[in-house]
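Reproduced below: upload.txt, with compact mmCIF, C-alpha atoms and all ligand atoms.
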# COMPACT_ATOMS: atom_id res chain seq x y z
CA MET Q 1 0.00 0.00 0.00
CA ASP Q 2 1.24 3.46 -0.96
CA SER Q 3 2.31 5.42 2.14
CA ASN Q 4 1.10 8.57 0.39
CA ALA Q 5 -2.49 7.19 0.34
CA PRO Q 6 -4.96 8.90 2.68
CA ILE Q 7 -6.32 7.67 5.98
CA GLY Q 8 -10.10 7.20 6.05
CA VAL Q 9 -11.77 8.61 9.15
CA PHE Q 10 -15.49 8.28 9.81
CA ASP Q 11 -18.11 9.21 12.35
CA SER Q 12 -21.87 9.53 12.64
CA GLY Q 13 -21.50 13.27 11.97
CA VAL Q 14 -19.32 16.12 13.15
CA GLY Q 15 -18.04 14.59 16.41
CA GLY Q 16 -15.27 12.59 14.76
CA LEU Q 17 -13.62 15.88 13.85
CA THR Q 18 -12.21 15.86 17.40
CA VAL Q 19 -10.38 12.67 16.40
CA MET Q 20 -9.35 14.10 13.04
CA ARG Q 21 -8.01 17.18 14.81
CA GLU Q 22 -5.73 15.00 16.94
CA ILE Q 23 -4.52 13.07 13.89
CA MET Q 24 -3.74 16.37 12.13
CA ARG Q 25 -1.71 17.51 15.15
CA GLN Q 26 0.15 14.28 15.81
CA ILE Q 27 0.83 13.11 12.23
CA PRO Q 28 0.71 16.29 10.15
CA ASN Q 29 2.07 14.65 6.96
CA GLU Q 30 -0.95 12.42 6.54
CA ARG Q 31 -3.70 12.94 4.04
CA ILE Q 32 -7.18 12.34 5.44
CA VAL Q 33 -10.55 11.56 3.89
CA TYR Q 34 -13.26 12.28 6.46
CA PHE Q 35 -16.82 11.00 6.19
CA GLY Q 36 -19.57 12.29 8.51
CA ASP Q 37 -22.90 10.48 8.32
CA THR Q 38 -24.89 13.67 8.88
CA ALA Q 39 -28.06 12.20 7.31
CA ARG Q 40 -28.30 9.35 9.81
CA VAL Q 41 -26.83 10.85 13.00
CA PRO Q 42 -27.21 10.08 15.91
CA TYR Q 43 -25.88 6.54 16.15
CA GLY Q 44 -25.97 6.57 19.94
CA SER Q 45 -29.65 5.68 20.16
CA LYS Q 46 -29.70 3.14 17.30
CA SER Q 47 -29.47 -0.65 17.39
CA ARG Q 48 -26.29 -2.64 16.97
CA GLU Q 49 -27.51 -4.11 13.63
CA THR Q 50 -28.19 -0.66 12.20
CA VAL Q 51 -24.84 0.77 13.30
CA ILE Q 52 -23.03 -2.24 11.81
CA ARG Q 53 -24.87 -1.81 8.50
CA TYR Q 54 -24.10 1.92 8.40
CA SER Q 55 -20.44 1.30 9.24
CA ARG Q 56 -20.08 -1.31 6.48
CA GLN Q 57 -21.52 1.12 3.93
CA ILE Q 58 -19.15 3.88 4.99
CA ILE Q 59 -16.17 1.55 4.86
CA ARG Q 60 -17.17 0.52 1.33
CA PHE Q 61 -17.27 4.21 0.38
CA LEU Q 62 -13.90 4.92 2.01
CA ARG Q 63 -12.34 1.99 0.14
CA THR Q 64 -13.30 3.71 -3.13
CA GLN Q 65 -11.02 6.56 -1.99
CA GLU Q 66 -8.13 4.08 -1.77
CA VAL Q 67 -7.39 4.70 1.87
CA LYS Q 68 -4.43 2.91 3.46
CA ALA Q 69 -6.08 2.59 6.90
CA ILE Q 70 -9.41 3.37 8.55
CA VAL Q 71 -10.15 5.07 11.85
CA VAL Q 72 -13.60 4.49 13.31
CA ALA Q 73 -13.75 7.93 14.94
CA CYS Q 74 -17.07 7.25 16.67
CA ASN Q 75 -17.36 5.59 20.05
CA THR Q 76 -20.75 4.07 19.24
CA ALA Q 77 -19.58 2.58 15.93
CA SER Q 78 -16.39 1.35 17.60
CA ALA Q 79 -18.46 -0.24 20.36
CA TYR Q 80 -21.01 -1.93 18.10
CA ALA Q 81 -19.30 -2.57 14.78
CA LEU Q 82 -15.54 -2.85 15.08
CA ASP Q 83 -15.29 -6.41 16.47
CA GLU Q 84 -17.64 -7.58 13.73
CA ILE Q 85 -15.92 -5.79 10.86
CA GLU Q 86 -12.25 -6.05 11.81
CA GLY Q 87 -11.89 -9.59 10.50
CA GLU Q 88 -13.25 -8.61 7.08
CA MET Q 89 -10.56 -6.01 6.39
CA GLU Q 90 -7.27 -6.28 4.50
CA ILE Q 91 -6.13 -2.84 5.62
CA PRO Q 92 -5.59 -1.72 9.23
CA ILE Q 93 -8.68 -0.46 11.04
CA ILE Q 94 -8.72 1.02 14.53
CA GLY Q 95 -11.44 2.42 16.75
CA VAL Q 96 -11.43 4.89 19.61
CA VAL Q 97 -12.53 2.57 22.42
CA LYS Q 98 -9.46 0.32 22.85
CA PRO Q 99 -6.94 3.21 22.96
CA GLY Q 100 -9.14 5.03 25.51
CA ALA Q 101 -9.52 1.93 27.68
CA LYS Q 102 -5.78 1.26 27.56
CA ALA Q 103 -4.89 4.81 28.59
CA ALA Q 104 -7.39 4.79 31.48
CA SER Q 105 -6.03 1.47 32.77
CA GLY Q 106 -2.57 3.02 32.77
CA VAL Q 107 -3.40 6.20 34.66
CA THR Q 108 -5.82 5.06 37.37
CA ARG Q 109 -4.35 4.83 40.86
CA ASN Q 110 -7.32 3.46 42.81
CA GLY Q 111 -8.73 1.28 39.99
CA LYS Q 112 -12.05 3.13 39.93
CA ILE Q 113 -12.74 4.33 36.40
CA GLY Q 114 -15.79 6.21 35.16
CA VAL Q 115 -16.90 6.14 31.52
CA ILE Q 116 -19.34 8.55 29.94
CA GLY Q 117 -20.81 8.12 26.47
CA THR Q 118 -23.96 7.55 24.45
CA GLU Q 119 -26.60 5.08 25.59
CA ALA Q 120 -25.28 2.58 23.02
CA THR Q 121 -21.64 2.81 24.09
CA ILE Q 122 -22.45 2.56 27.78
CA GLY Q 123 -25.03 -0.21 27.23
CA SER Q 124 -22.49 -2.26 25.26
CA ARG Q 125 -20.15 -2.27 28.32
CA ILE Q 126 -17.27 -2.41 25.88
CA TYR Q 127 -15.00 -0.07 27.86
CA THR Q 128 -15.48 -2.33 30.89
CA ARG Q 129 -14.54 -5.38 28.83
CA TYR Q 130 -11.33 -3.87 27.48
CA ILE Q 131 -10.29 -2.38 30.82
CA LYS Q 132 -10.88 -5.70 32.61
CA GLU Q 133 -8.72 -7.46 30.00
CA ILE Q 134 -5.88 -5.25 31.20
CA ASN Q 135 -6.75 -5.04 34.90
CA GLU Q 136 -9.34 -7.52 36.10
CA ASN Q 137 -9.61 -5.83 39.48
CA ALA Q 138 -10.62 -2.48 38.05
CA GLU Q 139 -14.06 -1.17 38.91
CA VAL Q 140 -15.64 0.47 35.86
CA VAL Q 141 -18.81 2.51 36.14
CA GLY Q 142 -20.57 3.80 33.04
CA LYS Q 143 -22.98 6.67 32.73
CA ALA Q 144 -24.89 7.57 29.56
CA CYS Q 145 -25.04 11.33 29.02
CA PRO Q 146 -27.37 11.74 26.02
CA LEU Q 147 -27.90 15.48 26.44
CA PHE Q 148 -24.23 16.33 25.99
CA VAL Q 149 -24.26 15.76 22.20
CA PRO Q 150 -27.06 18.26 21.45
CA LEU Q 151 -25.56 20.77 23.90
CA VAL Q 152 -22.26 20.64 22.01
CA GLU Q 153 -23.98 20.86 18.64
CA GLU Q 154 -25.89 23.92 19.88
CA GLY Q 155 -22.52 25.49 20.70
CA LEU Q 156 -23.18 25.62 24.47
CA LEU Q 157 -19.61 24.66 25.32
CA HIS Q 158 -19.19 27.22 28.07
CA ASP Q 159 -22.67 27.73 29.40
CA PRO Q 160 -24.45 27.39 32.76
CA VAL Q 161 -26.93 24.95 31.21
CA THR Q 162 -24.11 22.57 30.28
CA ASP Q 163 -22.57 22.98 33.76
CA GLU Q 164 -25.91 22.11 35.37
CA ILE Q 165 -26.43 19.00 33.21
CA ALA Q 166 -22.85 17.90 33.89
CA MET Q 167 -23.50 18.20 37.62
CA ARG Q 168 -26.58 15.98 37.36
CA TYR Q 169 -24.90 13.35 35.20
CA LEU Q 170 -21.59 13.13 37.00
CA GLY Q 171 -22.69 13.28 40.65
CA SER Q 172 -23.04 9.50 41.01
CA LEU Q 173 -19.56 8.91 39.57
CA ILE Q 174 -18.02 11.35 42.01
CA ASP Q 175 -19.85 9.65 44.91
CA ILE Q 176 -18.22 6.29 44.20
CA GLY Q 177 -14.75 7.87 44.18
CA ILE Q 178 -13.54 7.46 40.60
CA ASP Q 179 -10.06 8.88 39.98
CA THR Q 180 -10.20 8.55 36.17
CA LEU Q 181 -12.94 9.48 33.73
CA ILE Q 182 -13.04 8.45 30.06
CA LEU Q 183 -14.65 10.98 27.71
CA GLY Q 184 -16.20 8.12 25.73
CA CYS Q 185 -18.01 10.11 23.07
CA THR Q 186 -16.56 12.18 20.24
CA HIS Q 187 -18.25 15.38 21.41
CA TYR Q 188 -17.12 15.35 25.02
CA PRO Q 189 -13.57 16.70 24.58
CA LEU Q 190 -15.29 19.93 23.50
CA ILE Q 191 -16.92 20.28 26.94
CA ARG Q 192 -13.88 19.06 28.79
CA SER Q 193 -13.74 22.20 30.94
CA ALA Q 194 -17.38 21.82 32.10
CA VAL Q 195 -16.69 18.19 33.01
CA ALA Q 196 -13.41 19.07 34.75
CA LYS Q 197 -15.13 21.74 36.83
CA VAL Q 198 -17.58 19.16 38.17
CA VAL Q 199 -15.27 16.20 38.80
CA GLY Q 200 -12.41 18.28 40.20
CA GLU Q 201 -8.68 18.17 39.65
CA ASN Q 202 -8.14 14.82 41.35
CA VAL Q 203 -9.93 13.02 38.55
CA THR Q 204 -7.82 12.43 35.42
CA LEU Q 205 -9.75 12.93 32.19
CA VAL Q 206 -8.88 10.51 29.38
CA ASN Q 207 -9.53 11.66 25.83
CA PRO Q 208 -9.82 8.64 23.49
CA ALA Q 209 -9.42 10.94 20.46
CA TYR Q 210 -5.89 11.85 21.56
CA GLU Q 211 -5.04 8.23 22.43
CA THR Q 212 -6.36 7.00 19.07
CA ALA Q 213 -4.19 9.40 17.08
CA LYS Q 214 -1.19 8.24 19.12
CA GLU Q 215 -2.01 4.60 18.44
CA LEU Q 216 -2.54 5.31 14.75
CA ARG Q 217 0.88 6.94 14.51
CA GLU Q 218 2.51 3.93 16.20
CA LEU Q 219 0.65 1.52 13.95
CA LEU Q 220 1.64 3.31 10.73
CA GLU Q 221 5.21 3.57 11.94
CA LYS Q 222 5.36 -0.15 12.68
CA GLU Q 223 3.88 -1.02 9.27
CA ASN Q 224 6.23 1.45 7.54
CA MET Q 225 3.21 3.33 6.23
CA LEU Q 226 3.77 6.86 7.58
CA ASN Q 227 3.73 9.48 4.86
CA PRO Q 228 7.35 10.71 4.77
CA VAL Q 229 6.59 14.15 3.31
CA ARG Q 230 3.82 16.62 3.87
CA PRO Q 231 1.59 17.07 0.80
CA GLU Q 232 2.17 20.41 -0.89
CA LEU Q 233 -0.19 23.27 -0.14
CA GLY Q 234 -3.23 23.26 -2.37
CA THR Q 235 -3.19 19.49 -2.89
CA ASN Q 236 -6.36 18.75 -0.92
CA GLN Q 237 -4.59 17.16 2.00
CA TYR Q 238 -7.91 16.95 3.82
CA GLN Q 239 -11.14 16.02 2.09
CA PHE Q 240 -14.60 15.99 3.61
CA PHE Q 241 -17.64 13.96 2.64
CA VAL Q 242 -21.05 13.93 4.33
CA SER Q 243 -24.40 12.29 3.70
CA ASP Q 244 -26.45 15.51 4.19
CA ALA Q 245 -26.41 19.17 5.28
CA ALA Q 246 -22.96 20.06 3.96
CA GLU Q 247 -23.15 23.77 4.86
CA LYS Q 248 -23.95 23.08 8.51
CA PHE Q 249 -21.10 20.56 8.62
CA ILE Q 250 -18.66 23.08 7.15
CA ARG Q 251 -19.62 25.69 9.79
CA PHE Q 252 -19.12 23.27 12.66
CA ALA Q 253 -15.89 21.91 11.17
CA ASN Q 254 -14.41 25.39 10.96
CA SER Q 255 -15.27 26.02 14.60
CA ILE Q 256 -13.17 23.10 15.77
CA ILE Q 257 -10.33 22.47 13.36
CA LYS Q 258 -7.70 24.95 12.36
CA TYR Q 259 -7.86 24.34 8.64
CA GLY Q 260 -10.06 26.22 6.25
CA VAL Q 261 -12.77 23.66 5.51
CA LEU Q 262 -14.20 25.10 2.32
CA SER Q 263 -16.25 22.24 0.98
CA ALA Q 264 -17.84 18.94 1.91
CA LYS Q 265 -19.17 16.72 -0.81
CA ILE Q 266 -22.51 14.97 -0.36
CA ILE Q 267 -22.45 11.20 -0.88
CA HIS Q 268 -25.54 9.00 -1.23
CA ILE Q 269 -24.29 6.57 1.35
CA GLU Q 270 -27.25 4.16 1.06
CA GLU Q 271 -25.93 3.29 -2.42
CA TYR Q 272 -22.79 1.71 -0.94
N1 LIG X 1 -20.17 10.09 17.50
C1 LIG X 1 -21.02 9.50 18.51
C2 LIG X 1 -20.14 8.78 19.55
O1 LIG X 1 -18.97 9.05 19.70
C3 LIG X 1 -21.89 10.53 19.20
C4 LIG X 1 -23.02 11.06 18.35
C5 LIG X 1 -24.02 10.01 17.97
O2 LIG X 1 -24.80 9.53 18.83
O3 LIG X 1 -24.02 9.63 16.82
O4 LIG X 1 -20.61 7.89 20.20
Re-express the file's structure as structure tokens.
Amino acid sequence: MDSNAPIGVFDSGVGGLTVMREIMRQIPNERIVYFGDTARVPYGSKSRETVIRYSRQIIRFLRTQEVKAIVVACNTASAYALDEIEGEMEIPIIGVVKPGAKAASGVTRNGKIGVIGTEATIGSRIYTRYIKEINENAEVVGKACPLFVPLVEEGLLHDPVTDEIAMRYLGSLIDIGIDTLILGCTHYPLIRSAVAKVVGENVTLVNPAYETAKELRELLEKENMLNPVRPELGTNQYQFFVSDAAEKFIRFANSIIKYGVLSAKIIHIEEY
């Protein structure tokens, strides 16, 4: 596989841009093709079968872009679809859950780890499974926080309403004495400060987006697939595809990544 080929990154919508942002920072030579499934978001309240079907379609689309590796930049899709799909792939594919679970297992001191995410991610108990594979004595407590995604998408990143909701969601985790909290949904790094305010400085926040970019870099390095030179300016280093509402996507993208996102092409994803 050509090391100059792009990396395919996908999510249910805009959230995966927090993962893309980390990849851009940590491996700036890489070309990226991003797909956001803006027509079918949210995934967090859908069934496993549906999320697997959606993920397969997106992967088929990304393969048409001749990607050298795929990042499932969505916690819900990683939770529901990755185990199922991994075995079908001839190129590397990584999700955000395993890197997040690994990092949390490494930083906890008292073994009490909180995980927040969508209903699907928390219901799947996948973070618990991966953490227990590393440390079987760890105590992992999950909490679904479904209101966080719309709050972020409404731009209420620093707002008393978000602080209030965070207080309600996170109180039970504080009561059991967690010392580590996994931000197990793509949107949550954007409200990191609201979460930090509630849980306090003794709780370490783990950002799976950051950990995933780190793991991707290590994986490409090991496979000798890192792009040795940065693509020249004006060569479309980053390309964006969505399944609906391109203008709204472009606005959100420009609010979180430092790269002029000028266009996003609409793909009829059900055809894949
Ligand atoms: N990207 C999803 C996740 O990380 C959150 C949004 C959704 O429910 O689709 O789980």
Which chains and residue numbers are within 8 Å of ligand LIG 1 (chain X), counting all atoms listed in the file, if I want them as a PDB file with C-alpha atoms, keeping the file's coordinate frame?
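Saved result, part_10.pdb, follows:
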ATOM      1  CA  ASP Q  11     -18.110   9.210  12.350  1.00  0.00           C
ATOM      2  CA  SER Q  12     -21.870   9.530  12.640  1.00  0.00           C
ATOM      3  CA  GLY Q  13     -21.500  13.270  11.970  1.00  0.00           C
ATOM      4  CA  VAL Q  14     -19.320  16.120  13.150  1.00  0.00           C
ATOM      5  CA  GLY Q  15     -18.040  14.590  16.410  1.00  0.00           C
ATOM      6  CA  GLY Q  16     -15.270  12.590  14.760  1.00  0.00           C
ATOM      7  CA  VAL Q  41     -26.830  10.850  13.000  1.00  0.00           C
ATOM      8  CA  PRO Q  42     -27.210  10.080  15.910  1.00  0.00           C
ATOM      9  CA  TYR Q  43     -25.880   6.540  16.150  1.00  0.00           C
ATOM     10  CA  GLY Q  44     -25.970   6.570  19.940  1.00  0.00           C
ATOM     11  CA  SER Q  45     -29.650   5.680  20.160  1.00  0.00           C
ATOM     12  CA  ALA Q  73     -13.750   7.930  14.940  1.00  0.00           C
ATOM     13  CA  CYS Q  74     -17.070   7.250  16.670  1.00  0.00           C
ATOM     14  CA  ASN Q  75     -17.360   5.590  20.050  1.00  0.00           C
ATOM     15  CA  THR Q  76     -20.750   4.070  19.240  1.00  0.00           C
ATOM     16  CA  ALA Q  77     -19.580   2.580  15.930  1.00  0.00           C
ATOM     17  CA  GLY Q 117     -20.810   8.120  26.470  1.00  0.00           C
ATOM     18  CA  THR Q 118     -23.960   7.550  24.450  1.00  0.00           C
ATOM     19  CA  ALA Q 120     -25.280   2.580  23.020  1.00  0.00           C
ATOM     20  CA  THR Q 121     -21.640   2.810  24.090  1.00  0.00           C
ATOM     21  CA  PRO Q 146     -27.370  11.740  26.020  1.00  0.00           C
ATOM     22  CA  VAL Q 149     -24.260  15.760  22.200  1.00  0.00           C
ATOM     23  CA  GLY Q 184     -16.200   8.120  25.730  1.00  0.00           C
ATOM     24  CA  CYS Q 185     -18.010  10.110  23.070  1.00  0.00           C
ATOM     25  CA  THR Q 186     -16.560  12.180  20.240  1.00  0.00           C
ATOM     26  CA  HIS Q 187     -18.250  15.380  21.410  1.00  0.00           C
TER      27      HIS Q 187
END
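Taking all atoms listed in the file, the non-local environment of Val115 in chain Q within 9 Å (same-chain residues fewer than 3 positions away omitted) comprises Ile122, Tyr127, Thr128, Val140, Val141, Gly142, Lys143, Ala144, Leu173, Thr180, Leu181, Ile182, Leu183 and Gly184 of chain Q.
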With C-alpha atoms kept, could you save the residues just selected as a tab-separated table (two decimals), keeping the file's coordinate frame?
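Full text of part.tsv as output:
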chain	number	residue	atom	x	y	z
Q	122	ILE	CA	-22.45	2.56	27.78
Q	127	TYR	CA	-15.00	-0.07	27.86
Q	128	THR	CA	-15.48	-2.33	30.89
Q	140	VAL	CA	-15.64	0.47	35.86
Q	141	VAL	CA	-18.81	2.51	36.14
Q	142	GLY	CA	-20.57	3.80	33.04
Q	143	LYS	CA	-22.98	6.67	32.73
Q	144	ALA	CA	-24.89	7.57	29.56
Q	173	LEU	CA	-19.56	8.91	39.57
Q	180	THR	CA	-10.20	8.55	36.17
Q	181	LEU	CA	-12.94	9.48	33.73
Q	182	ILE	CA	-13.04	8.45	30.06
Q	183	LEU	CA	-14.65	10.98	27.71
Q	184	GLY	CA	-16.20	8.12	25.73
Restricting to all atoms listed in the file, whichever of Q:Val206, Q:Ala245, Q:Ala5, Q:Ile191 is closest to Val67 in chain Q is Q:Ala5
request  = Quick one: everything within 12 Å of range 154-169 of chain Q, counting all atoms listed in the file, minus sequence neighbours fewer than 2 positions away in the same chain. Send it as a PyMOL selection string.
outcome  = chain Q and resi 114-117+142-152+171-175+187-200+248+251-252+255-256
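Checking Q:Ile267, Q:Ile250, Q:Ile131, Q:Ile23 one by one against Gln57 in chain Q, counting all atoms listed in the file, you find the shortest gap at Q:Ile267.
Interatomic distance, CA of Gly111 in chain Q against CA of Ile126 in chain Q: 16.9 Å.
When CA of Asp179 in chain Q is paired with CA of Ala103 in chain Q, their separation reads 13.2 Å.
CA of Pro99 in chain Q sits 11.6 Å away from CA of Glu218 in chain Q.
Residue nearest Ile94 in chain Q, chosen from Q:Arg217, Q:Arg129, Q:His268, Q:Arg230 and counting only C-alpha atoms: Q:Arg217.
Nearest-residue note for Phe35 in chain Q: choosing from Q:Pro92, Q:Gly234, Q:Gly177, Q:Gly8, the minimum distance belongs to Q:Gly8, counting all atoms listed in the file.
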List every protein, DNA or RNA residue that has an atom no more than 6 Å from (-24.7, 12.9, 4.5) in the file's coordinate frame, counting all atoms listed in the file, and report them as a list in words.
Asp37, Thr38, Ala39, Val242, Ser243, Asp244 and Ile266 of chain Q
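Proximity of Q:Ala209, Q:Val96, Q:Leu17, Q:Ile52 to Tyr80 in chain Q, computed with only C-alpha atoms, is greatest for Q:Ile52.
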